[in-house]
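What follows is a set of notes on a single structure, which appears directly below.
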Number of protein chains: 2
Amino acid sequence: MNHPVRVAILGATGAVGRKMIEVLEQRNFPLSELRLLASPRSAGQTLSYAGEKLQVEAVQEDSFEGVDIALFSAGANTSKQYAPLAVRSHAVVVDNSSAYRMQEDVPLVVPEVNPHALSRYKGIIANPNCSTIQLVVVLHALRSLGLEEVVISTYQAVSGMGQTAIDALHRELESGFAAKESTLFPMASAPFYVPMAFNVLPQCDVFLENGYTKEEMKLVQESRKILEQPTLRVAPTAVRVPVVYGHSESVRVTFARPVSVEEVRVLLAQAEGVSLADRPEEGIWPHPRMVEGSGQTFVGRIRSDLFDERSVQFFIVADNLLKGAAYNAVQIAEELVKNDWLGKEH
Amino acid sequence: MNHPVRVAILGATGAVGRKMIEVLEQRNFPLSELRLLASPRSAGQTLSYAGEKLQVEAVQEDSFEGVDIALFSAGANTSKQYAPLAVRSHAVVVDNSSAYRMQEDVPLVVPEVNPHALSRYKGIIANPNCSTIQLVVVLHALRSLGLEEVVISTYQAVSGMGQTAIDALHRELESGFAAKESTLFPMASAPFYVPMAFNVLPQCDVFLENGYTKEEMKLVQESRKILEQPTLRVAPTAVRVPVVYGHSESVRVTFARPVSVEEVRVLLAQAEGVSLADRPEEGIWPHPRMVEGSGQTFVGRIRSDLFDERSVQFFIVADNLLKGAAYNAVQIAEELVKNDWLGKEH
């Protein structure tokens with residue numbers, strides 16, 4: 001089709017929704033219409049796109065009539081309620097929530113990794129979890145070495161919990177070291193709260209029966225689905241840190257054969273979406289404050305395991321609201337447009 | 001001997017030195033004299049011990065005359081300069097710096113782990129690195145299961161870099177998110193600086209030729225020495241986070257045989273110096289803000305590896321200035337007194 005596209009953003013006033021608007025603008029997405037949708041509570045607000053003021057509308061059953069692509073970022077429950085309605089209106093839903101990610105007939109896509117999965121979509125395409133996206137961009141680049149095991153510990157920014165968490169961290173910091181706890185961390189629905197300021201919380205999302213959090217199991221299950229490697233072993237620990245933007249990941253990967261730092265570096269240097277930041281002697285390694293605003297995934301601290309010639313360690317950092325959410329969703333929309341995959345029968 | 005002991009603290013005005021004074025007081029250490037020593041720059045300050053005001057003296061060649069135990073925490077260079085002089089004055093030096101840790105005839109001691117090593121001391125005893133101490137307290141408790149490999153990622157507090165780093169982080173936070181960088185992080189001697197506020201820095205201490213930092217290699221070498229297991233495989237990543245007090249560690253341990261979470265939990269519950277904080281369903285896991293002021297090492301998030309029955313994952317947190325430094329040093333002093341090991345010929 002390749003004519004300008006009509007886009008709706010559901011959850012437009014949230015931390016990710018606002019970034020979606022920015023990314024569409026920055027990347028000159030071929031828009032013919034941009035419809036901003038949110039809950040009735042947030043409706044009426046005004047947001048800018050390309051110098052134009054747009055009013056946020058309350059989402060309704062018929063909000064997706066005439067929309068080609070609907071970018072959803074309003075939580076799993078809202079997705080479950082409105083995605084079927086959007087699909088019935090012949091919109092393609094790119095859903096940033098976890099609602100549909102593990103559903104077999106829903107492609108879970110990182111455009112640098114598995115764009116081919118998009119061709120099989122049936123109305124809904126899922127955007128992976130933030131911490132998974134930056135991991136698989138790097139793992140994909142190394143798959144020719146034979147991925148066997150990934151041990152990963154994350155350092156996740158509070159913006160992954162939305163704008164309210166950003167505000168809560170700043171409020172805690174304003175009351176200084178004395179501030180004992182906010183009512184938000186480790187998660188809004190937790191039975192007990194702990195301070196996030198000057199702290200490290202080894203809980204992201206709820207606990208499952210196996211002793212892992214939902215966030216940790218997403219790293220396992222989503223990575224396997226995106227990489228199409230259902231037996232990949234992932235040992236995850238997901239941790240929240242008092243950072244606003246940018247998730248970091250300390251990763252050890254074990255390959256099927258001995259590998260050198262040099263071959264890993266060559267593969268990563270050539271990889272789409274990956275930027276090397278790996279000159280420690282010059283003080284260069286990736287950190288959250290350097291990735292703000294970028295859609296790239298940064299990798300550094302690349303080194304051989306001291307005792308296992310099949311293992312390599314490195315440090316991955318990306319902007320969780322961009323590559324981890326809004327940017328990846330817009331990249332998916334771009335792929336759909338480029339390949340003329342919109343408006344297929346489904 | 002068991003009579004009251006004459007103690008000197010070198011580096012008394014630093015972050016760790018001040019904690020040493022507090023710990024001696026809190027534990028009713030059997031003192032007959034407390035001599036506070038520092039560089040000429042810090043001399044003249046007044047600090048309190050048990051309600052008494054003590055003046056800090058500038059350290060000199062003869063400062064250790066008549067001292068039984070000298071607690072050193074003034075950096076490796078100062079230790080190298082003054083430890084031989086203190087030993088010549090018949091003081092036992094408990095050195096918190098890295099100067100002597102890997103020297104073969106210097107015991108490197110965590111009292112819960114290898115108190116027997118103290119009996120072989122020849123004037124100098126080394127206090128291990130902060131991140132190593134809390135790790136080996138936990139590993140020691142599990143050694144009956146056969147320790148084979150440890151993959152560890154740290155979340156280290158800025159107080160590990162001393163009082164100037166604590167002040168620098170607070171200054172950065174006061175200037176808010178706009179503050180671009182202090183001149184201190186990742187380390188005072190770095191060629192380039194990065195902000196610590198709202199950031200995560202995958203560099204602690206200087207880089208070595210193998211691509212690892214000195215802090216990372218301490219985790220490997222000191223753990224092997226303390227545990228007396230020279231072939232233990234450790235895969236370390238040391239990371240600084242915007243936390244003031246309390247180091248956290250995300251750890252995966254692989255044992256010689258399949259292990260269950262239950263047997264790990266039983267061993268840790270019985271272990272000296274270890275407190276379990278592991279009831280996720282009640283919101284209980286260890287975090288830095290809960291360990292401030294404690295000499296215990298806290299462990300939680302204990303769970304089996306999802307795919308390897310020989311591996312277990314957990315999260316360790318301890319107060320880096322206490323168990324990681326001052327408290328461990330005073331425990332060593334207590335062991336010496338208790339066993340009548342002071343004033344041996346050496």
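The way I read the labels, and the way they are meant: chains A, B, ... in the order of the structure tokens, residue 1 as the first residue of every chain, and ligand 1 as the first ligand shown, with later ones counted on from there.
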Residues near stretch 21-28 of chain B, anyone? I mean within 8 Å using only C-alpha atoms, not counting same-chain ones fewer than 5 positions away, as a compact mmCIF listing (two decimals) with all heavy atoms, in the first residue's frame.
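Wrote part-v4.txt, looks like this:
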```txt
# COMPACT_ATOMS: atom_id res chain seq x y z
N ALA B 12 41.42 7.34 61.07
CA ALA B 12 40.26 7.41 61.98
C ALA B 12 39.17 8.36 61.49
O ALA B 12 38.00 8.20 61.85
CB ALA B 12 40.74 7.86 63.37
N TYR B 49 34.35 8.72 71.57
CA TYR B 49 34.27 7.30 71.86
C TYR B 49 33.68 7.17 73.25
O TYR B 49 34.25 7.69 74.22
CB TYR B 49 35.66 6.65 71.81
CG TYR B 49 35.62 5.22 72.31
CD1 TYR B 49 35.21 4.20 71.48
CD2 TYR B 49 35.94 4.93 73.63
CE1 TYR B 49 35.13 2.90 71.93
CE2 TYR B 49 35.86 3.63 74.11
CZ TYR B 49 35.45 2.61 73.25
OH TYR B 49 35.36 1.33 73.72
N ALA B 50 32.54 6.50 73.36
CA ALA B 50 31.89 6.27 74.66
C ALA B 50 31.77 7.57 75.47
O ALA B 50 32.11 7.63 76.65
CB ALA B 50 32.66 5.21 75.45
N ALA B 326 34.80 -2.29 58.77
CA ALA B 326 35.08 -2.02 60.18
C ALA B 326 34.70 -3.16 61.11
O ALA B 326 35.44 -3.53 62.02
CB ALA B 326 34.35 -0.73 60.60
N TYR B 327 33.52 -3.72 60.90
CA TYR B 327 33.02 -4.77 61.79
C TYR B 327 33.90 -6.02 61.67
O TYR B 327 34.29 -6.63 62.67
CB TYR B 327 31.58 -5.09 61.39
CG TYR B 327 30.82 -6.03 62.28
CD1 TYR B 327 30.05 -5.57 63.34
CD2 TYR B 327 30.83 -7.41 62.03
CE1 TYR B 327 29.32 -6.44 64.14
CE2 TYR B 327 30.11 -8.28 62.82
CZ TYR B 327 29.35 -7.79 63.87
OH TYR B 327 28.62 -8.66 64.65
N VAL B 330 37.19 -5.45 63.50
CA VAL B 330 37.05 -5.54 64.96
C VAL B 330 36.83 -7.00 65.37
O VAL B 330 37.36 -7.47 66.38
CB VAL B 330 35.91 -4.62 65.46
CG1 VAL B 330 35.64 -4.86 66.95
CG2 VAL B 330 36.26 -3.16 65.21
```
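Proximity to chain A at a cut-off of 7 Å picks out Ser153, Pro191, Phe192, Phe198, Asn199, Val200, Leu201, Gly211, Arg233, Ala235, Pro242, Val243, Val244, Ser250, Glu282, Gly283, His287, Pro288, Arg289, Arg303, Asp305, Leu306 and Phe307 of chain B on chain B, counting only C-alpha atoms.
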Please provide as a ChimeraX atom specification all residues within 12 Å of A:Asp340, with the sequence filter that same-chain residues fewer than 5 positions apart are discarded (counting only C-alpha atoms). /A:1-5,68,118-119,333-335
Considering only C-alpha atoms, state which residue in the set B:Phe185, B:Phe64, B:Phe298, B:Tyr121 is at the smallest distance from B:Asp278. B:Phe298
Find the residues around B:Ala91 up to 6 Å (only C-alpha atoms counted), leave out those fewer than 3 positions away in its own chain, and share them as a ChimeraX atom specification. /B:67-69,86-87
Would you write out those residues with N, CA, C and O atoms, as a PDB file, in the first residue's frame?
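Output file result-v6.pdb follows:
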```
ATOM      1  N   VAL B  67      51.223   0.168  71.444  1.00  0.00           N
ATOM      2  CA  VAL B  67      49.919  -0.238  70.893  1.00  0.00           C
ATOM      3  C   VAL B  67      49.898  -1.762  70.727  1.00  0.00           C
ATOM      4  O   VAL B  67      50.877  -2.344  70.247  1.00  0.00           O
ATOM      5  N   ASP B  68      48.793  -2.416  71.124  1.00  0.00           N
ATOM      6  CA  ASP B  68      48.679  -3.860  70.914  1.00  0.00           C
ATOM      7  C   ASP B  68      48.122  -4.174  69.523  1.00  0.00           C
ATOM      8  O   ASP B  68      48.621  -5.041  68.820  1.00  0.00           O
ATOM      9  N   ILE B  69      47.030  -3.480  69.171  1.00  0.00           N
ATOM     10  CA  ILE B  69      46.397  -3.726  67.869  1.00  0.00           C
ATOM     11  C   ILE B  69      46.245  -2.408  67.130  1.00  0.00           C
ATOM     12  O   ILE B  69      45.694  -1.439  67.681  1.00  0.00           O
ATOM     13  N   ALA B  86      54.629  -0.172  62.511  1.00  0.00           N
ATOM     14  CA  ALA B  86      53.756  -0.625  63.601  1.00  0.00           C
ATOM     15  C   ALA B  86      54.193  -2.005  64.086  1.00  0.00           C
ATOM     16  O   ALA B  86      54.247  -2.272  65.290  1.00  0.00           O
ATOM     17  N   VAL B  87      54.556  -2.875  63.141  1.00  0.00           N
ATOM     18  CA  VAL B  87      54.991  -4.222  63.508  1.00  0.00           C
ATOM     19  C   VAL B  87      56.297  -4.144  64.300  1.00  0.00           C
ATOM     20  O   VAL B  87      56.479  -4.853  65.299  1.00  0.00           O
TER      21      VAL B  87
END
```
Of the candidates A:Gly295, A:Gly146, A:Gly66, A:Pro107, which shows the shortest atom-to-atom distance to A:Ile124, using only C-alpha atoms? A:Pro107
Quick one: residues within 9 Å of B:Ala83, only C-alpha atoms counted, chain neighbours fewer than 4 positions away excluded, as a list in words? Ala70, Phe72, Thr78, Ser79, Val87, Arg88, Val92, Val93, Asp95, Gly123 and Ile124 of chain B
Restrict the selected residues to N, CA, C and O atoms and save them as a PDB file, in the first residue's frame.
```
ATOM      1  N   ALA B  70      46.713  -2.387  65.873  1.00  0.00           N
ATOM      2  CA  ALA B  70      46.563  -1.188  65.043  1.00  0.00           C
ATOM      3  C   ALA B  70      45.617  -1.524  63.899  1.00  0.00           C
ATOM      4  O   ALA B  70      45.908  -2.401  63.071  1.00  0.00           O
ATOM      5  N   PHE B  72      44.162  -0.474  60.526  1.00  0.00           N
ATOM      6  CA  PHE B  72      44.568   0.432  59.443  1.00  0.00           C
ATOM      7  C   PHE B  72      43.439   0.564  58.419  1.00  0.00           C
ATOM      8  O   PHE B  72      42.938  -0.442  57.916  1.00  0.00           O
ATOM      9  N   THR B  78      49.516   4.150  52.377  1.00  0.00           N
ATOM     10  CA  THR B  78      49.755   4.446  53.789  1.00  0.00           C
ATOM     11  C   THR B  78      50.045   3.160  54.553  1.00  0.00           C
ATOM     12  O   THR B  78      50.908   3.128  55.430  1.00  0.00           O
ATOM     13  N   SER B  79      49.334   2.097  54.208  1.00  0.00           N
ATOM     14  CA  SER B  79      49.592   0.811  54.871  1.00  0.00           C
ATOM     15  C   SER B  79      51.019   0.356  54.618  1.00  0.00           C
ATOM     16  O   SER B  79      51.716  -0.091  55.536  1.00  0.00           O
ATOM     17  N   VAL B  87      54.556  -2.875  63.141  1.00  0.00           N
ATOM     18  CA  VAL B  87      54.991  -4.222  63.508  1.00  0.00           C
ATOM     19  C   VAL B  87      56.297  -4.144  64.300  1.00  0.00           C
ATOM     20  O   VAL B  87      56.479  -4.853  65.299  1.00  0.00           O
ATOM     21  N   ARG B  88      57.178  -3.248  63.879  1.00  0.00           N
ATOM     22  CA  ARG B  88      58.438  -3.078  64.603  1.00  0.00           C
ATOM     23  C   ARG B  88      58.177  -2.620  66.049  1.00  0.00           C
ATOM     24  O   ARG B  88      58.930  -2.934  66.949  1.00  0.00           O
ATOM     25  N   VAL B  92      50.083  -5.543  66.472  1.00  0.00           N
ATOM     26  CA  VAL B  92      49.539  -6.378  65.404  1.00  0.00           C
ATOM     27  C   VAL B  92      48.737  -5.444  64.497  1.00  0.00           C
ATOM     28  O   VAL B  92      47.896  -4.692  64.983  1.00  0.00           O
ATOM     29  N   VAL B  93      49.001  -5.505  63.201  1.00  0.00           N
ATOM     30  CA  VAL B  93      48.277  -4.646  62.256  1.00  0.00           C
ATOM     31  C   VAL B  93      47.124  -5.437  61.636  1.00  0.00           C
ATOM     32  O   VAL B  93      47.337  -6.524  61.090  1.00  0.00           O
ATOM     33  N   ASP B  95      44.891  -4.807  58.660  1.00  0.00           N
ATOM     34  CA  ASP B  95      44.950  -3.837  57.562  1.00  0.00           C
ATOM     35  C   ASP B  95      43.756  -3.984  56.640  1.00  0.00           C
ATOM     36  O   ASP B  95      43.562  -5.019  56.013  1.00  0.00           O
ATOM     37  N   GLY B 123      52.602 -10.470  62.369  1.00  0.00           N
ATOM     38  CA  GLY B 123      52.581  -9.008  62.488  1.00  0.00           C
ATOM     39  C   GLY B 123      51.445  -8.362  61.740  1.00  0.00           C
ATOM     40  O   GLY B 123      50.795  -7.461  62.252  1.00  0.00           O
ATOM     41  N   ILE B 124      51.181  -8.815  60.508  1.00  0.00           N
ATOM     42  CA  ILE B 124      50.127  -8.191  59.706  1.00  0.00           C
ATOM     43  C   ILE B 124      49.025  -9.198  59.389  1.00  0.00           C
ATOM     44  O   ILE B 124      49.313 -10.340  58.990  1.00  0.00           O
TER      45      ILE B 124
END
```
Could you pull out the helix (DSSP H, G or I) residues of stretch 74-204 of chain B from DSSP and send them as a JSON list (two decimals) with N, CA and C atoms, in the first residue's frame?
```json
[["chain", "number", "residue", "atom", "x", "y", "z"],
["B", 76, "ALA", "N", 46.18, 1.76, 50.56],
["B", 76, "ALA", "CA", 47.29, 0.82, 50.41],
["B", 76, "ALA", "C", 48.65, 1.49, 50.58],
["B", 77, "ASN", "N", 48.80, 2.69, 50.07],
["B", 77, "ASN", "CA", 50.12, 3.33, 50.18],
["B", 77, "ASN", "C", 50.48, 3.64, 51.63],
["B", 78, "THR", "N", 49.52, 4.15, 52.38],
["B", 78, "THR", "CA", 49.75, 4.45, 53.79],
["B", 78, "THR", "C", 50.05, 3.16, 54.55],
["B", 79, "SER", "N", 49.33, 2.10, 54.21],
["B", 79, "SER", "CA", 49.59, 0.81, 54.87],
["B", 79, "SER", "C", 51.02, 0.36, 54.62],
["B", 80, "LYS", "N", 51.45, 0.46, 53.36],
["B", 80, "LYS", "CA", 52.81, 0.01, 53.05],
["B", 80, "LYS", "C", 53.86, 0.82, 53.81],
["B", 81, "GLN", "N", 53.54, 2.09, 54.03],
["B", 81, "GLN", "CA", 54.50, 2.95, 54.72],
["B", 81, "GLN", "C", 54.53, 2.66, 56.23],
["B", 82, "TYR", "N", 53.34, 2.50, 56.82],
["B", 82, "TYR", "CA", 53.30, 2.45, 58.29],
["B", 82, "TYR", "C", 53.17, 1.05, 58.90],
["B", 83, "ALA", "N", 52.70, 0.06, 58.14],
["B", 83, "ALA", "CA", 52.53, -1.27, 58.74],
["B", 83, "ALA", "C", 53.87, -1.83, 59.24],
["B", 84, "PRO", "N", 54.95, -1.73, 58.46],
["B", 84, "PRO", "CA", 56.23, -2.26, 58.98],
["B", 84, "PRO", "C", 56.67, -1.54, 60.26],
["B", 85, "LEU", "N", 56.38, -0.24, 60.33],
["B", 85, "LEU", "CA", 56.76, 0.52, 61.53],
["B", 85, "LEU", "C", 55.93, 0.05, 62.73],
["B", 86, "ALA", "N", 54.63, -0.17, 62.51],
["B", 86, "ALA", "CA", 53.76, -0.63, 63.60],
["B", 86, "ALA", "C", 54.19, -2.01, 64.09],
["B", 87, "VAL", "N", 54.56, -2.88, 63.14],
["B", 87, "VAL", "CA", 54.99, -4.22, 63.51],
["B", 87, "VAL", "C", 56.30, -4.14, 64.30],
["B", 88, "ARG", "N", 57.18, -3.25, 63.88],
["B", 88, "ARG", "CA", 58.44, -3.08, 64.60],
["B", 88, "ARG", "C", 58.18, -2.62, 66.05],
["B", 115, "PRO", "N", 38.96, -18.47, 60.86],
["B", 115, "PRO", "CA", 39.64, -17.89, 62.03],
["B", 115, "PRO", "C", 40.97, -18.59, 62.31],
["B", 116, "HIS", "N", 41.07, -19.88, 61.94],
["B", 116, "HIS", "CA", 42.30, -20.63, 62.17],
["B", 116, "HIS", "C", 43.51, -19.99, 61.49],
["B", 117, "ALA", "N", 43.27, -19.27, 60.38],
["B", 117, "ALA", "CA", 44.39, -18.65, 59.66],
["B", 117, "ALA", "C", 45.08, -17.60, 60.51],
["B", 118, "LEU", "N", 44.36, -17.06, 61.50],
["B", 118, "LEU", "CA", 44.94, -16.01, 62.35],
["B", 118, "LEU", "C", 46.14, -16.50, 63.15],
["B", 119, "SER", "N", 46.10, -17.78, 63.51],
["B", 119, "SER", "CA", 47.16, -18.29, 64.39],
["B", 119, "SER", "C", 48.53, -18.23, 63.72],
["B", 120, "ARG", "N", 48.54, -18.09, 62.40],
["B", 120, "ARG", "CA", 49.80, -18.09, 61.66],
["B", 120, "ARG", "C", 50.31, -16.70, 61.35],
["B", 130, "CYS", "N", 35.57, -5.54, 50.72],
["B", 130, "CYS", "CA", 34.17, -5.52, 51.16],
["B", 130, "CYS", "C", 33.30, -6.51, 50.40],
["B", 131, "SER", "N", 33.36, -6.48, 49.07],
["B", 131, "SER", "CA", 32.46, -7.33, 48.28],
["B", 131, "SER", "C", 32.82, -8.81, 48.44],
["B", 132, "THR", "N", 34.09, -9.09, 48.76],
["B", 132, "THR", "CA", 34.51, -10.48, 48.97],
["B", 132, "THR", "C", 33.98, -11.02, 50.29],
["B", 133, "ILE", "N", 34.03, -10.20, 51.35],
["B", 133, "ILE", "CA", 33.67, -10.69, 52.68],
["B", 133, "ILE", "C", 32.25, -11.26, 52.69],
["B", 134, "GLN", "N", 31.29, -10.46, 52.19],
["B", 134, "GLN", "CA", 29.91, -10.94, 52.26],
["B", 134, "GLN", "C", 29.68, -12.16, 51.38],
["B", 135, "LEU", "N", 30.43, -12.25, 50.28],
["B", 135, "LEU", "CA", 30.31, -13.43, 49.41],
["B", 135, "LEU", "C", 30.83, -14.69, 50.11],
["B", 136, "VAL", "N", 32.01, -14.60, 50.72],
["B", 136, "VAL", "CA", 32.59, -15.82, 51.29],
["B", 136, "VAL", "C", 31.86, -16.28, 52.56],
["B", 137, "VAL", "N", 31.27, -15.34, 53.31],
["B", 137, "VAL", "CA", 30.46, -15.75, 54.46],
["B", 137, "VAL", "C", 29.37, -16.71, 54.00],
["B", 138, "VAL", "N", 28.76, -16.41, 52.86],
["B", 138, "VAL", "CA", 27.69, -17.26, 52.34],
["B", 138, "VAL", "C", 28.26, -18.53, 51.68],
["B", 139, "LEU", "N", 29.29, -18.38, 50.87],
["B", 139, "LEU", "CA", 29.87, -19.56, 50.21],
["B", 139, "LEU", "C", 30.38, -20.58, 51.23],
["B", 140, "HIS", "N", 31.00, -20.08, 52.29],
["B", 140, "HIS", "CA", 31.53, -20.97, 53.33],
["B", 140, "HIS", "C", 30.42, -21.85, 53.90],
["B", 141, "ALA", "N", 29.26, -21.25, 54.11],
["B", 141, "ALA", "CA", 28.14, -22.00, 54.69],
["B", 141, "ALA", "C", 27.69, -23.13, 53.76],
["B", 143, "ARG", "N", 29.81, -24.89, 51.61],
["B", 143, "ARG", "CA", 30.92, -25.64, 51.02],
["B", 143, "ARG", "C", 30.74, -27.14, 51.11],
["B", 144, "SER", "N", 29.92, -27.62, 52.03],
["B", 144, "SER", "CA", 29.71, -29.08, 52.10],
["B", 144, "SER", "C", 29.02, -29.60, 50.84],
["B", 145, "LEU", "N", 28.42, -28.70, 50.07],
["B", 145, "LEU", "CA", 27.75, -29.11, 48.83],
["B", 145, "LEU", "C", 28.74, -29.19, 47.67],
["B", 158, "VAL", "N", 28.47, 3.71, 46.98],
["B", 158, "VAL", "CA", 29.55, 4.68, 46.79],
["B", 158, "VAL", "C", 30.42, 4.82, 48.04],
["B", 159, "SER", "N", 29.90, 4.48, 49.22],
["B", 159, "SER", "CA", 30.72, 4.61, 50.43],
["B", 159, "SER", "C", 31.95, 3.72, 50.37],
["B", 160, "GLY", "N", 31.94, 2.72, 49.49],
["B", 160, "GLY", "CA", 33.13, 1.91, 49.27],
["B", 160, "GLY", "C", 34.29, 2.72, 48.74],
["B", 161, "MET", "N", 33.99, 3.91, 48.18],
["B", 161, "MET", "CA", 35.05, 4.81, 47.70],
["B", 161, "MET", "C", 35.37, 5.88, 48.74],
["B", 163, "GLN", "N", 34.38, 8.72, 52.13],
["B", 163, "GLN", "CA", 33.48, 9.81, 52.46],
["B", 163, "GLN", "C", 33.36, 10.82, 51.31],
["B", 164, "THR", "N", 34.44, 11.06, 50.58],
["B", 164, "THR", "CA", 34.38, 12.04, 49.48],
["B", 164, "THR", "C", 33.38, 11.60, 48.41],
["B", 165, "ALA", "N", 33.24, 10.29, 48.22],
["B", 165, "ALA", "CA", 32.29, 9.78, 47.22],
["B", 165, "ALA", "C", 30.85, 9.94, 47.70],
["B", 166, "ILE", "N", 30.63, 9.74, 49.00],
["B", 166, "ILE", "CA", 29.29, 9.94, 49.56],
["B", 166, "ILE", "C", 28.89, 11.41, 49.34],
["B", 167, "ASP", "N", 29.81, 12.31, 49.68],
["B", 167, "ASP", "CA", 29.54, 13.74, 49.51],
["B", 167, "ASP", "C", 29.29, 14.08, 48.04],
["B", 168, "ALA", "N", 30.07, 13.48, 47.14],
["B", 168, "ALA", "CA", 29.93, 13.78, 45.71],
["B", 168, "ALA", "C", 28.58, 13.32, 45.18],
["B", 169, "LEU", "N", 28.11, 12.15, 45.60],
["B", 169, "LEU", "CA", 26.80, 11.68, 45.15],
["B", 169, "LEU", "C", 25.70, 12.63, 45.63],
["B", 170, "HIS", "N", 25.76, 13.03, 46.90],
["B", 170, "HIS", "CA", 24.74, 13.95, 47.41],
["B", 170, "HIS", "C", 24.78, 15.28, 46.65],
["B", 171, "ARG", "N", 25.96, 15.77, 46.37],
["B", 171, "ARG", "CA", 26.07, 17.03, 45.61],
["B", 171, "ARG", "C", 25.45, 16.88, 44.22],
["B", 172, "GLU", "N", 25.73, 15.76, 43.57],
["B", 172, "GLU", "CA", 25.14, 15.52, 42.24],
["B", 172, "GLU", "C", 23.61, 15.50, 42.31],
["B", 173, "LEU", "N", 23.10, 14.82, 43.33],
["B", 173, "LEU", "CA", 21.64, 14.70, 43.44],
["B", 173, "LEU", "C", 21.00, 16.05, 43.75],
["B", 174, "GLU", "N", 21.71, 16.89, 44.51],
["B", 174, "GLU", "CA", 21.16, 18.22, 44.81],
["B", 174, "GLU", "C", 21.01, 19.06, 43.54],
["B", 176, "GLY", "N", 20.21, 17.82, 40.86],
["B", 176, "GLY", "CA", 19.13, 17.19, 40.12],
["B", 176, "GLY", "C", 19.59, 16.41, 38.92],
["B", 177, "PHE", "N", 18.62, 16.04, 38.09],
["B", 177, "PHE", "CA", 18.88, 15.18, 36.96],
["B", 177, "PHE", "C", 19.79, 15.87, 35.95],
["B", 178, "ALA", "N", 19.85, 17.22, 36.02],
["B", 178, "ALA", "CA", 20.65, 17.97, 35.05],
["B", 178, "ALA", "C", 22.14, 17.80, 35.31]]
```
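Listed by chain and then by rising number, the residues of stretch 188-244 of chain B that DSSP assigns to strand (DSSP E) from the backbone are Arg233, Val234, Ala235, Pro236 and Thr237 of chain B.
For the choices B:Val266, B:Val253, B:Val59, B:Met102, the atom-to-atom distance to B:Leu36 is smallest for B:Val59 when using only C-alpha atoms.
Here atom CA of A:Val110 and atom CA of A:Met187 stand 26.4 Å from one another.
As for atom CA of B:Leu147 and atom CA of B:Arg257, they are spaced 9.3 Å apart.
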